[in-house]
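The next block holds one structure in the form of structure tokens; read it before the comments.
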Amino acid sequence: QEQLAESGGGLVQPGGSLRLSCAVSGSIFSMNAMAWYRQRPGKQREWLATKPLTGSSYYADSVKGRFTISRDTAGTTLYLQMNSLNTDDTAIYYCNGKRSDTEYWGQGTQVTVSS
């Protein structure tokens with residue numbers, strides 16, 4: 001059973017940046033793909049970005065060009081670099097891992113964009 005733990009959320013001003021981290025108890029390389037999702041207040045959880053085990057990462061239109069998904073070389077941590085944040089980015093951000101038919105989720109980290 002993999003465990004995922006997000007960190008790095010907080011309060012940031014509009015136009016600012018944050019980098020979220022997701023620590024994986026096992027190895028990212030045992031997953032078919034890793035992804036970031038978020039849930040904005042009163043909205044459904046939405047997909048943001050995916051980093052497959054092989055191949056290029058891909059992004060939702062809402063964050064393309066502003067957010068970057070990456071992983072460390074050891075395969076223990078997934079990142080989400082978020083730039084040019086605006087108030088619509090306020091949400092709880094979740095890390096997700098997929099292995100065959102199983103999905104793993106972290107507990108989420110709160111990001112609040114406010115002046």
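Quick note on naming: the chains in the structure tokens go A, B, ... in the order shown, residues restart at 1 in each chain, and ligands are numbered from 1 in order of appearance.
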Legend entry - Residue neighbourhood A:Tyr79, 7 Å, only C-alpha atoms, exclusion window fewer than 4 positions, as JSON, numbers by chain: {"A": [19, 20, 21, 22, 69, 70, 71]}
Restricted to N, CA and C atoms, what would the selected residues look like written as a JSON list (two decimals), in the first residue's frame?
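Written file, selection_9.json:
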```json
[["chain", "number", "residue", "atom", "x", "y", "z"],
["A", 19, "ARG", "N", 5.76, 25.94, -4.72],
["A", 19, "ARG", "CA", 6.11, 24.61, -5.19],
["A", 19, "ARG", "C", 5.57, 23.59, -4.20],
["A", 20, "LEU", "N", 4.69, 22.73, -4.70],
["A", 20, "LEU", "CA", 4.14, 21.65, -3.89],
["A", 20, "LEU", "C", 5.01, 20.40, -4.04],
["A", 21, "SER", "N", 5.08, 19.64, -2.98],
["A", 21, "SER", "CA", 5.81, 18.37, -3.00],
["A", 21, "SER", "C", 4.88, 17.24, -2.61],
["A", 22, "CYS", "N", 5.15, 16.06, -3.12],
["A", 22, "CYS", "CA", 4.40, 14.86, -2.77],
["A", 22, "CYS", "C", 5.41, 13.76, -2.50],
["A", 69, "ILE", "N", 4.88, 19.96, -13.70],
["A", 69, "ILE", "CA", 4.98, 18.74, -12.90],
["A", 69, "ILE", "C", 6.35, 18.12, -13.14],
["A", 70, "SER", "N", 6.96, 17.63, -12.07],
["A", 70, "SER", "CA", 8.28, 17.02, -12.21],
["A", 70, "SER", "C", 8.48, 16.02, -11.08],
["A", 71, "ARG", "N", 9.55, 15.26, -11.15],
["A", 71, "ARG", "CA", 9.89, 14.32, -10.08],
["A", 71, "ARG", "C", 11.39, 14.37, -9.85]]
```
Inset, instruction - Compile the contact shell of stretch 94-101 of chain A as a PyMOL selection string: residues with an atom at most 8 Å away, counting only C-alpha atoms, same-chain residues fewer than 4 positions apart removed. - result: chain A and resi 4-6+22+28+30-38+105-109
Legend entry - Distance of atom CA of A:Thr54 from atom CA of A:Ser84, expressed in Å to one decimal place: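 Distance between the two atoms: 27.9 Å.
With only C-alpha atoms taken into account, the protein and nucleic acid residues at most 12 Å from A:Gly42 (excluding it and anything under 6 positions from it in its own chain) are Thr90, Ala91 and Ile92 of chain A.
Across A:Val12, A:Leu18, A:Leu85, A:Leu78, the tightest approach to A:Leu53 is made by A:Leu78 when counting only C-alpha atoms.
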